[in-house]
file work17.txt (compact mmCIF, C-alpha atoms)
# COMPACT_ATOMS: atom_id res chain seq x y z
CA MET A 1 44.34 58.94 -29.37
CA PHE A 2 41.39 57.34 -31.17
CA LYS A 3 40.22 53.87 -30.32
CA GLN A 4 39.44 51.24 -32.90
CA LYS A 5 35.67 51.78 -32.55
CA HIS A 6 36.15 55.47 -33.34
CA TYR A 7 37.77 54.57 -36.65
CA LEU A 8 35.01 52.05 -37.31
CA ALA A 9 32.28 54.65 -36.72
CA LEU A 10 34.10 57.21 -38.85
CA GLY A 11 34.52 54.68 -41.64
CA ALA A 12 30.91 53.50 -41.43
CA VAL A 13 29.44 57.02 -41.62
CA THR A 14 31.75 58.06 -44.45
CA LEU A 15 30.86 54.90 -46.34
CA ALA A 16 27.13 55.44 -45.78
CA ALA A 17 27.37 59.06 -46.97
CA LEU A 18 29.38 58.11 -50.04
CA LEU A 19 27.01 55.26 -50.83
CA ILE A 20 23.93 57.51 -50.68
CA PHE A 21 25.71 60.28 -52.52
CA SER A 22 26.77 58.00 -55.36
CA LEU A 23 23.33 56.46 -55.95
CA PRO A 24 21.93 56.94 -59.46
CA PRO A 25 19.76 60.10 -59.75
CA ARG A 26 16.54 58.12 -60.13
CA ALA A 27 17.21 56.04 -57.01
CA THR A 28 18.20 59.17 -55.07
CA GLU A 29 14.98 60.87 -56.14
CA ARG A 30 12.91 57.90 -54.96
CA LEU A 31 14.79 57.62 -51.68
CA LYS A 32 14.37 61.35 -51.12
CA LEU A 33 10.61 61.13 -51.68
CA ALA A 34 10.36 58.06 -49.43
CA VAL A 35 12.26 59.76 -46.60
CA GLY A 36 10.32 63.01 -47.11
CA SER A 37 6.99 61.18 -46.94
CA LEU A 38 7.79 60.28 -43.29
CA PHE A 39 6.92 63.90 -42.49
CA LEU A 40 3.51 63.84 -44.21
CA PRO A 41 1.46 63.05 -41.06
CA LEU A 42 3.14 65.95 -39.25
CA PHE A 43 2.43 68.31 -42.14
CA GLY A 44 -1.22 67.23 -42.04
CA LEU A 45 -1.33 67.95 -38.32
CA ALA A 46 0.36 71.33 -38.77
CA HIS A 47 -2.10 72.27 -41.52
CA ASN A 48 -5.07 71.33 -39.32
CA ALA A 49 -3.60 73.28 -36.42
CA GLU A 50 -3.18 76.33 -38.66
CA GLN A 51 -6.81 76.04 -39.76
CA LEU A 52 -8.15 75.98 -36.20
CA PRO A 53 -7.87 79.75 -35.53
CA VAL A 54 -9.34 80.43 -38.98
CA ALA A 55 -12.27 78.14 -38.25
CA ALA A 56 -12.71 79.77 -34.84
CA ALA A 57 -12.69 83.23 -36.42
CA ASP A 58 -15.22 82.08 -39.03
CA ALA A 59 -17.48 80.71 -36.32
CA ALA A 60 -17.26 83.96 -34.39
CA MET A 61 -18.20 86.11 -37.42
CA SER A 62 -21.61 87.71 -37.14
CA ARG A 63 -24.41 87.12 -39.65
CA ARG A 64 -24.36 90.81 -40.60
CA GLU A 65 -20.67 90.66 -41.48
CA LEU A 66 -21.21 87.50 -43.51
CA LEU A 67 -24.06 89.11 -45.44
CA GLN A 68 -21.90 92.17 -46.12
CA LEU A 69 -19.09 89.92 -47.31
CA THR A 70 -21.44 87.97 -49.57
CA GLU A 71 -22.78 91.22 -51.03
CA ASN A 72 -19.23 92.45 -51.74
CA LEU A 73 -18.34 89.16 -53.38
CA ARG A 74 -21.52 89.28 -55.51
CA ARG A 75 -20.61 92.78 -56.74
CA GLU A 76 -17.05 91.72 -57.47
CA ASN A 77 -18.37 88.66 -59.29
CA ASP A 78 -20.63 90.83 -61.47
CA GLN A 79 -17.71 93.10 -62.34
CA LEU A 80 -15.53 90.13 -63.19
CA LYS A 81 -18.28 88.70 -65.41
CA VAL A 82 -18.25 91.91 -67.46
CA VAL A 83 -14.43 91.81 -67.64
CA ALA A 84 -14.61 88.14 -68.70
CA LEU A 85 -17.09 89.05 -71.46
CA GLN A 86 -14.69 91.71 -72.73
CA ALA A 87 -11.80 89.23 -72.52
CA ASP A 88 -13.84 86.65 -74.47
CA ALA A 89 -14.49 89.19 -77.20
CA THR A 90 -10.79 90.11 -77.31
CA ALA A 91 -9.81 86.43 -77.43
CA ARG A 92 -12.24 85.80 -80.32
CA GLU A 93 -10.84 88.80 -82.17
CA ASN A 94 -7.31 87.58 -81.43
CA ASP A 95 -8.16 84.12 -82.80
CA GLN A 96 -9.67 85.63 -85.97
CA LEU A 97 -6.61 87.83 -86.55
CA ARG A 98 -4.26 84.93 -85.84
CA SER A 99 -6.10 82.67 -88.30
CA ALA A 100 -6.09 85.51 -90.87
CA LEU A 101 -2.31 85.80 -90.48
CA GLY A 102 -1.86 82.02 -90.42
CA TRP A 103 -0.52 82.01 -86.86
CA GLN A 104 -1.11 79.19 -84.38
CA ARG A 105 -4.15 79.58 -82.09
CA GLN A 106 -3.45 80.47 -78.48
CA VAL A 107 -4.36 77.70 -76.07
CA PRO A 108 -6.19 78.93 -72.93
CA TRP A 109 -4.41 78.35 -69.63
CA LYS A 110 -5.46 75.45 -67.45
CA LEU A 111 -4.75 76.10 -63.79
CA LYS A 112 -4.77 73.89 -60.70
CA LEU A 113 -4.70 75.25 -57.15
CA ALA A 114 -2.07 73.86 -54.78
CA SER A 115 -1.26 74.48 -51.12
CA VAL A 116 2.28 75.15 -49.98
CA ILE A 117 3.38 72.44 -47.52
CA THR A 118 6.99 73.28 -46.70
CA ARG A 119 9.88 75.58 -47.43
CA ASP A 120 13.46 74.51 -47.95
CA PRO A 121 15.06 74.28 -44.49
CA ALA A 122 18.46 75.22 -45.97
CA ASN A 123 19.18 78.93 -46.34
CA TRP A 124 21.06 78.53 -49.62
CA TRP A 125 18.08 77.31 -51.69
CA ARG A 126 14.78 78.97 -52.45
CA THR A 127 12.19 76.24 -52.93
CA ILE A 128 8.78 75.19 -51.65
CA GLU A 129 6.82 71.96 -51.71
CA ILE A 130 3.21 71.82 -52.88
CA ASP A 131 0.52 69.23 -52.25
CA LEU A 132 0.05 68.18 -55.90
CA GLY A 133 2.01 65.36 -57.50
CA SER A 134 2.12 63.07 -60.48
CA ARG A 135 -1.24 61.66 -59.33
CA ASP A 136 -2.72 65.10 -60.13
CA GLY A 137 -1.04 65.33 -63.51
CA ILE A 138 1.92 67.45 -62.43
CA SER A 139 5.15 67.12 -64.36
CA THR A 140 8.49 68.90 -64.16
CA ASN A 141 8.96 72.42 -65.55
CA LEU A 142 5.31 73.44 -65.22
CA PRO A 143 5.05 77.16 -64.37
CA VAL A 144 3.77 78.09 -60.92
CA LEU A 145 2.13 81.45 -60.24
CA THR A 146 -0.15 83.43 -57.98
CA ALA A 147 -2.77 86.02 -58.91
CA GLU A 148 -0.01 88.66 -58.59
CA GLY A 149 2.54 87.03 -60.86
CA LEU A 150 5.07 84.31 -61.60
CA VAL A 151 6.46 82.31 -58.67
CA GLY A 152 8.68 79.64 -60.22
CA ARG A 153 8.58 76.23 -61.85
CA VAL A 154 8.08 72.62 -60.77
CA SER A 155 11.51 71.03 -60.37
CA SER A 156 10.72 67.52 -59.16
CA VAL A 157 7.55 65.51 -58.79
CA GLY A 158 6.47 62.83 -56.34
CA LEU A 159 3.22 60.93 -56.24
CA THR A 160 1.39 63.37 -53.96
CA ARG A 161 3.73 66.36 -53.70
CA SER A 162 6.11 68.35 -55.86
CA GLN A 163 9.04 70.64 -55.36
CA VAL A 164 8.85 74.14 -56.83
CA VAL A 165 12.00 76.13 -57.40
CA LEU A 166 11.23 79.82 -56.87
CA LEU A 167 12.38 82.86 -58.84
CA GLY A 168 15.62 84.07 -57.30
CA ASP A 169 17.03 80.56 -56.87
CA PRO A 170 20.07 79.88 -59.06
CA ASN A 171 18.18 76.92 -60.59
CA CYS A 172 15.24 79.01 -61.81
CA LYS A 173 15.90 81.31 -64.72
CA ALA A 174 13.23 82.88 -66.92
CA SER A 175 13.35 84.82 -70.14
CA ALA A 176 11.74 88.20 -69.50
CA LEU A 177 10.52 91.16 -71.49
CA VAL A 178 10.29 94.73 -70.26
CA GLU A 179 7.12 96.53 -71.27
CA ASN A 180 8.80 99.65 -72.64
CA PRO A 181 8.90 101.02 -76.19
CA ALA A 182 12.09 99.07 -76.99
CA HIS A 183 10.73 95.78 -75.52
CA ASP A 184 14.09 95.04 -73.91
CA MET A 185 14.65 91.38 -73.16
CA GLY A 186 16.78 89.72 -70.51
CA ILE A 187 17.08 86.77 -68.19
CA ILE A 188 15.67 86.71 -64.66
CA SER A 189 18.28 85.19 -62.39
CA ALA A 190 19.25 84.99 -58.73
CA SER A 191 19.84 88.11 -56.67
CA GLY A 192 21.00 88.09 -53.05
CA PRO A 193 20.23 85.44 -50.43
CA LEU A 194 18.52 87.83 -48.00
CA ASP A 195 15.81 89.75 -49.88
CA ASN A 196 13.55 87.32 -51.72
CA SER A 197 11.45 90.09 -53.25
CA LEU A 198 14.24 91.20 -55.59
CA VAL A 199 15.73 89.35 -58.55
CA GLU A 200 18.29 90.33 -61.15
CA LEU A 201 17.26 91.02 -64.76
CA THR A 202 20.48 90.37 -66.57
CA TYR A 203 21.86 90.02 -70.13
CA LEU A 204 19.98 93.14 -71.22
CA SER A 205 21.43 94.85 -74.29
CA SER A 206 23.94 97.61 -73.58
CA SER A 207 21.49 100.14 -75.04
CA ALA A 208 18.59 99.05 -72.83
CA ASN A 209 16.64 102.01 -71.50
CA LEU A 210 14.98 100.79 -68.35
CA LYS A 211 13.06 103.07 -66.02
CA PRO A 212 11.94 102.19 -62.49
CA GLY A 213 8.30 101.16 -62.46
CA GLN A 214 8.23 99.56 -65.91
CA SER A 215 6.59 96.17 -65.76
CA VAL A 216 8.41 92.96 -66.60
CA ILE A 217 6.61 89.93 -68.03
CA THR A 218 7.66 86.51 -69.33
CA SER A 219 8.74 86.60 -72.96
CA GLY A 220 7.80 83.02 -73.79
CA LEU A 221 11.30 82.20 -75.00
CA GLY A 222 12.85 79.06 -73.59
CA GLY A 223 9.67 77.03 -73.73
CA VAL A 224 9.07 76.76 -69.98
CA PHE A 225 7.03 79.87 -69.20
CA PRO A 226 4.27 81.01 -71.58
CA PRO A 227 4.42 84.68 -72.64
CA GLY A 228 2.64 87.42 -70.76
CA ILE A 229 2.87 86.26 -67.14
CA PRO A 230 3.68 89.27 -64.92
CA ILE A 231 7.02 88.96 -63.12
CA GLY A 232 7.37 92.33 -61.42
CA LEU A 233 8.46 95.93 -61.81
CA VAL A 234 11.86 97.35 -62.66
CA ALA A 235 13.32 98.66 -59.39
CA GLU A 236 16.27 100.66 -60.72
CA GLU A 237 17.90 101.87 -63.93
CA ALA A 238 20.07 99.40 -65.84
CA ARG A 239 23.77 99.39 -64.96
CA PRO A 240 26.56 98.20 -67.25
CA VAL A 241 28.25 94.87 -66.49
CA GLU A 242 31.44 93.28 -67.83
CA PHE A 243 32.85 96.59 -69.16
CA GLY A 244 29.57 97.50 -70.86
CA LEU A 245 29.13 94.18 -72.67
CA TYR A 246 25.59 93.98 -71.34
CA THR A 247 23.48 95.65 -68.66
CA GLU A 248 21.42 94.43 -65.77
CA ALA A 249 18.84 95.80 -63.34
CA ARG A 250 16.97 94.67 -60.30
CA VAL A 251 13.33 93.71 -60.53
CA LYS A 252 10.88 93.77 -57.62
CA LEU A 253 8.79 90.63 -57.88
CA ALA A 254 5.02 91.01 -58.14
CA ALA A 255 4.34 87.86 -56.09
CA ASN A 256 5.26 87.89 -52.41
CA LEU A 257 7.46 84.79 -52.20
CA GLY A 258 7.78 85.08 -48.44
CA ALA A 259 4.08 84.62 -47.79
CA LEU A 260 3.07 81.93 -50.24
CA GLU A 261 0.24 79.76 -48.96
CA GLN A 262 -1.56 78.77 -52.14
CA VAL A 263 -0.26 78.81 -55.70
CA TRP A 264 -1.56 77.96 -59.15
CA VAL A 265 0.15 75.37 -61.31
CA LEU A 266 -0.23 76.21 -64.98
CA PHE A 267 -0.78 73.24 -67.30
CA LYS A 268 0.32 73.72 -70.88
CA MET B 1 22.89 56.68 -21.18
CA ASN B 2 19.70 54.71 -21.78
CA LEU B 3 17.33 53.80 -24.55
CA LEU B 4 14.91 56.58 -23.65
CA ASN B 5 17.61 59.19 -24.19
CA THR B 6 18.43 57.73 -27.63
CA ILE B 7 14.75 57.73 -28.61
CA LEU B 8 14.40 61.31 -27.40
CA ILE B 9 17.43 62.40 -29.46
CA PHE B 10 15.95 60.97 -32.65
CA ALA B 11 12.47 62.30 -31.89
CA PHE B 12 13.84 65.80 -31.28
CA ALA B 13 15.93 65.67 -34.46
CA PHE B 14 12.90 64.60 -36.51
CA LEU B 15 10.73 67.34 -35.02
CA ALA B 16 13.50 69.92 -35.47
CA VAL B 17 13.79 69.18 -39.20
CA PHE B 18 10.00 69.29 -39.55
CA GLY B 19 9.82 72.59 -37.67
CA GLU B 20 12.51 74.17 -39.84
CA ALA B 21 10.61 73.26 -43.01
CA ALA B 22 7.08 73.97 -41.80
CA PHE B 23 7.49 77.16 -39.77
CA PRO B 24 9.41 79.93 -41.55
CA GLY B 25 8.79 82.53 -38.83
CA VAL B 26 12.46 82.95 -37.90
CA ARG B 27 13.37 83.25 -41.58
CA HIS B 28 10.84 86.09 -42.03
CA LEU B 29 12.09 87.81 -38.90
CA LEU B 30 15.88 87.47 -39.25
CA GLY B 31 16.39 86.52 -42.89
CA ALA B 32 17.72 83.05 -42.09
CA GLN B 33 16.38 79.78 -40.74
CA VAL B 34 18.13 78.48 -37.61
CA ASP B 35 19.22 74.84 -37.90
CA LEU B 36 18.69 72.90 -34.66
CA LEU B 37 20.38 69.66 -35.78
CA PRO B 38 23.92 70.83 -34.80
CA ALA B 39 22.65 71.76 -31.33
CA ILE B 40 21.06 68.32 -30.93
CA MET B 41 24.29 66.78 -32.18
CA VAL B 42 26.18 68.65 -29.42
CA TYR B 43 23.84 67.12 -26.83
CA ALA B 44 24.26 63.65 -28.37
CA ALA B 45 28.05 64.02 -28.54
CA LEU B 46 28.22 64.86 -24.84
CA ASN B 47 25.65 62.38 -23.57
CA ALA B 48 25.30 59.46 -25.98
CA ASN B 49 27.55 56.74 -27.37
CA LEU B 50 29.31 56.80 -30.73
CA ALA B 51 26.71 54.61 -32.43
CA THR B 52 23.95 57.07 -31.54
CA ILE B 53 26.05 59.96 -32.87
CA ALA B 54 26.68 58.11 -36.13
CA LEU B 55 23.00 57.20 -36.53
CA LEU B 56 21.91 60.75 -35.68
CA ALA B 57 24.26 62.10 -38.36
CA ILE B 58 22.91 59.62 -40.93
CA PHE B 59 19.20 59.95 -40.16
CA GLY B 60 19.29 63.65 -39.29
CA GLY B 61 21.20 64.37 -42.49
CA LEU B 62 18.81 62.27 -44.57
CA TRP B 63 15.73 63.91 -43.06
CA PHE B 64 17.15 67.39 -43.65
CA ASP B 65 18.22 66.68 -47.22
CA ALA B 66 14.90 65.00 -48.05
CA LEU B 67 13.04 68.26 -47.43
CA SER B 68 15.67 70.36 -49.18
CA VAL B 69 17.15 70.65 -52.66
CA ASN B 70 20.46 69.49 -51.17
CA PRO B 71 21.75 66.29 -52.77
CA LEU B 72 20.67 63.43 -50.52
CA GLY B 73 23.33 62.59 -47.95
CA ILE B 74 25.38 65.78 -48.20
CA THR B 75 24.58 66.90 -44.63
CA ILE B 76 25.64 63.57 -43.06
CA LEU B 77 29.40 64.17 -43.01
CA PRO B 78 29.31 67.77 -41.67
CA LEU B 79 26.97 66.70 -38.86
CA PHE B 80 29.09 63.68 -37.99
CA THR B 81 32.30 65.74 -38.09
CA ALA B 82 30.88 68.15 -35.51
CA GLY B 83 29.62 65.30 -33.32
CA PHE B 84 32.80 63.23 -33.62
CA VAL B 85 35.14 66.09 -32.68
CA ILE B 86 33.08 66.95 -29.59
CA PHE B 87 32.73 63.27 -28.66
CA SER B 88 36.50 62.70 -28.85
CA GLN B 89 37.13 65.61 -26.45
CA ARG B 90 34.14 65.22 -24.20
CA ASP B 91 36.10 64.16 -21.13
CA LEU B 92 37.68 67.62 -21.10
CA ILE B 93 34.39 69.50 -21.47
CA LEU B 94 32.30 70.73 -18.55
CA ARG B 95 29.07 69.56 -20.10
CA GLY B 96 26.84 70.79 -17.28
CA ILE B 97 27.89 74.43 -17.66
CA SER B 98 25.53 76.50 -19.84
CA PHE B 99 28.36 78.66 -21.19
CA ALA B 100 30.24 75.58 -22.44
CA GLN B 101 27.04 74.35 -24.07
CA MET B 102 26.56 77.73 -25.76
CA VAL B 103 30.11 77.82 -27.09
CA LEU B 104 29.85 74.27 -28.42
CA GLY B 105 26.42 75.00 -29.95
CA ALA B 106 27.77 78.12 -31.67
CA ALA B 107 30.82 76.24 -32.99
CA ALA B 108 28.77 73.30 -34.29
CA SER B 109 26.12 75.59 -35.82
CA ALA B 110 28.85 77.55 -37.59
CA VAL B 111 30.81 74.54 -38.81
CA VAL B 112 27.95 72.37 -40.12
CA PRO B 113 26.48 74.85 -42.68
CA ALA B 114 29.97 75.98 -43.73
CA LEU B 115 31.05 72.40 -44.41
CA THR B 116 27.76 71.64 -46.17
CA VAL B 117 28.17 74.62 -48.51
CA LEU B 118 31.77 73.59 -49.13
CA LEU B 119 30.64 70.08 -50.07
CA LEU B 120 27.90 71.51 -52.30
CA LEU B 121 30.42 73.67 -54.15
CA THR B 122 32.76 70.69 -54.42
CA ALA B 123 29.90 68.64 -55.89
CA GLY B 124 29.40 71.30 -58.57
CA LYS B 125 26.11 72.69 -57.22
CA GLU B 126 25.27 76.40 -57.27
CA PRO B 127 23.84 77.40 -53.89
CA LEU B 128 22.46 80.90 -53.40
CA LEU B 129 25.45 82.71 -51.89
CA GLY B 130 26.36 86.37 -51.47
CA TRP B 131 27.25 88.94 -48.85
CA GLY B 132 23.89 88.24 -47.24
CA SER B 133 25.06 84.67 -46.59
CA LEU B 134 27.45 86.05 -43.94
CA TRP B 135 24.48 87.48 -42.06
CA GLN B 136 22.62 84.17 -42.43
CA TRP B 137 25.69 82.33 -41.11
CA LEU B 138 25.85 84.66 -38.10
CA VAL B 139 22.15 84.15 -37.40
CA MET B 140 22.58 80.36 -37.61
CA THR B 141 25.60 80.50 -35.28
CA ALA B 142 23.88 82.74 -32.74
CA GLY B 143 20.66 80.73 -33.01
CA GLY B 144 22.57 77.50 -32.40
CA ALA B 145 24.34 79.06 -29.41
CA VAL B 146 21.05 80.11 -27.84
CA ALA B 147 19.27 76.86 -28.68
CA THR B 148 21.89 74.46 -27.26
CA PRO B 149 21.41 75.17 -23.50
CA VAL B 150 17.65 75.18 -24.10
CA ILE B 151 17.91 71.76 -25.76
CA PHE B 152 20.02 70.45 -22.86
CA ALA B 153 17.39 71.69 -20.39
CA LEU B 154 14.59 70.18 -22.50
CA PHE B 155 16.31 66.79 -22.63
CA ALA B 156 16.95 66.90 -18.88
CA TRP B 157 13.30 67.69 -18.25
CA CYS B 158 12.09 64.92 -20.62
CA ASN B 159 14.46 62.39 -19.07
CA HIS B 160 13.26 63.39 -15.61
CA ALA B 161 9.59 63.24 -16.61
CA LEU B 162 9.69 60.03 -18.64
CA GLY B 163 12.59 58.02 -17.20
CA TYR B 164 12.79 55.89 -14.08
CA GLN B 165 14.00 57.89 -11.12
CA PRO B 166 16.54 56.36 -8.67
CA ARG B 167 14.90 55.36 -5.38
CA LYS B 168 15.71 57.85 -2.66
CA GLU B 169 17.60 56.56 0.41
CA THR B 170 15.58 56.71 3.60
CA SER B 171 16.99 57.37 7.03
CA PHE B 172 15.43 54.14 8.31
CA ARG B 173 17.88 51.38 9.24
CA SER B 174 16.52 48.05 10.36
CA ASP B 175 19.56 47.30 12.56
CA ARG B 176 18.92 50.48 14.53
CA GLU B 177 15.23 49.83 15.04
CA ILE B 178 14.13 50.14 18.65
CA LEU B 179 11.86 47.25 19.42
CA ARG B 180 9.37 47.99 22.13
CA GLY B 181 7.98 45.47 24.55
CA ARG B 182 9.54 42.83 26.81
CA ASN B 183 11.73 40.03 25.50

call {"tool": "encode", "arguments": {"input": "work17.txt", "output": "structure tokens"}}
result
Amino acid sequence: MFKQKHYLALGAVTLAALLIFSLPPRATERLKLAVGSLFLPLFGLAHNAEQLPVAAADAAMSRRELLQLTENLRRENDQLKVVALQADATARENDQLRSALGWQRQVPWKLKLASVITRDPANWWRTIEIDLGSRDGISTNLPVLTAEGLVGRVSSVGLTRSQVVLLGDPNCKASALVENPAHDMGIISASGPLDNSLVELTYLSSSANLKPGQSVITSGLGGVFPPGIPIGLVAEEARPVEFGLYTEARVKLAANLGALEQVWVLFK
Amino acid sequence: MNLLNTILIFAFAFLAVFGEAAFPGVRHLLGAQVDLLPAIMVYAALNANLATIALLAIFGGLWFDALSVNPLGITILPLFTAGFVIFSQRDLILRGISFAQMVLGAAASAVVPALTVLLLLTAGKEPLLGWGSLWQWLVMTAGGAVATPVIFALFAWCNHALGYQPRKETSFRSDREILRGRN
């Protein structure tokens, strides 16, 4: 039925697959980055092509519209300055109280803006790649967020790009706190493969009293995500799991993971 | 089978992987990204030699895994399995018929992700699976079925546009030429 060359081809491909699959993790990581970097020129081209309509729209914008836009931005900037002043005062007060209690001082967040280059082509993972790498000071497990809320964490780092595993992927779990009187705590874990705006808040205590609309933030436990980053809103009441051993509820994410274009990497 | 066809197969596979990673439009629309590599593998299995099929499985798999969280090399065997099975039966397949291309595209697009997930689970990984995965699998199968005849047409067009065309026979025959004048 099969000729000798068929067996040879079958053997050669199996051997190649096994060889690559059994490489040490470090070598695999390097090989993966090397192969992935073949696509970089195309990603550059795609980015430039995406920018063309934006540039064309900018060029077509009238002076009056631009002035209006500038005026709006100036007003918003003034408002934000006042908010920043208030925040500074609160931070100073916080520092004073912390030093009075002998607590450690809170370190201000350092953020770096990154552009999203690609999404995982496989349907069974939820990851993106960003255009910052070890050259920009990125390391693994750094939190990634948008202005709306938490997005995920850096899972692997190359020289010029990094992979970010998003909330809802089985490899990204976060300790979360519900902003209700009981301050219920749980773990954010994967939900279904279709809707990427919902995640599961699990391992809540059996007495947890969650109400839809309550906000969920990072608790700071686990050491990866600092406390206080918004995650989303509780979407439904908690339901018992494992014969009432613990409860879980769905959370609607604050950040729109389907439309990520730029994200912030948070340096600790 | 010529070198141009082999180059086109690899170029299409490279662009397909890039497109899947860079343009998530189908994913937003249908909830799943359609994988074009199985469809290209169907074309290669019906039109190329075994070495090209093996190399397409290796390089296509590596390119796909490099842009994914998949362990590097895990897509090679599923792709090659699909290509090898079609290649071994290709004398029995009416490769020029669009319906046959669709059926083969659907089968390859269904088998490749299923085998990949199976290998991932065997390797101890935790892919994101659920009832929604069935829908994603259906979308990938249907997408592959639709894409395969299109890919065949695209390859035919590229081969026609870029390859050497056979010289057309003329009706002129020198032994039948009527020579005018007096001898």

call {"tool": "closest_atom_pairs", "arguments": {"input": "work17.txt", "of": "chain B", "to": "chain A", "cutoff": "6 Å", "atoms": "only C-alpha atoms", "output": "JSON lines"}}
result
{"residue": "B:Glu20", "atom": "CA", "partner": "A:Pro121", "partner_atom": "CA", "distance": 5.3}
{"residue": "B:Ala21", "atom": "CA", "partner": "A:Pro121", "partner_atom": "CA", "distance": 4.8}
{"residue": "B:Ala22", "atom": "CA", "partner": "A:Thr118", "partner_atom": "CA", "distance": 4.9}
{"residue": "B:Gly31", "atom": "CA", "partner": "A:Leu194", "partner_atom": "CA", "distance": 5.7}
{"residue": "B:Ala66", "atom": "CA", "partner": "A:Lys32", "partner_atom": "CA", "distance": 4.8}
{"residue": "B:Leu67", "atom": "CA", "partner": "A:Gly36", "partner_atom": "CA", "distance": 5.9}
{"residue": "B:Ser68", "atom": "CA", "partner": "A:Asp120", "partner_atom": "CA", "distance": 4.9}
{"residue": "B:Gly73", "atom": "CA", "partner": "A:Ala17", "partner_atom": "CA", "distance": 5.5}
{"residue": "B:Pro127", "atom": "CA", "partner": "A:Trp124", "partner_atom": "CA", "distance": 5.2}
{"residue": "B:Leu128", "atom": "CA", "partner": "A:Trp124", "partner_atom": "CA", "distance": 4.7}
{"residue": "B:Gly130", "atom": "CA", "partner": "A:Gly192", "partner_atom": "CA", "distance": 5.8}
{"residue": "B:Gly132", "atom": "CA", "partner": "A:Leu194", "partner_atom": "CA", "distance": 5.4}

call {"tool": "closest_residue", "arguments": {"input": "work17.txt", "among": "A:Leu132, A:Ala60, A:Ile231, A:Leu45", "to": "Phe18 of chain B", "atoms": "all atoms listed in the file"}}
result
A:Leu45

call {"tool": "atom_distance", "arguments": {"input": "work17.txt", "atom1": "atom CA of Gly144 of chain B", "atom2": "atom CA of Asn49 of chain B"}}
result
21.9 Å

call {"tool": "residues_around", "arguments": {"input": "work17.txt", "residues": "segment 210-215 of chain A", "least_positions_apart": "3", "cutoff": "8 Å", "atoms": "all atoms listed in the file", "output": "ChimeraX atom specification"}}
result
/A:178-180,230-238

call {"tool": "residues_around", "arguments": {"input": "work17.txt", "residues": "Leu55 of chain B", "least_positions_apart": "5", "cutoff": "12 Å", "atoms": "only C-alpha atoms", "output": "PyMOL selection string"}}
result
(chain A and resi 9-10+12-14+16-17) or (chain B and resi 6-7+9-10+13+41+44-45+48-50+60-63+76-77+79-80+83-84)
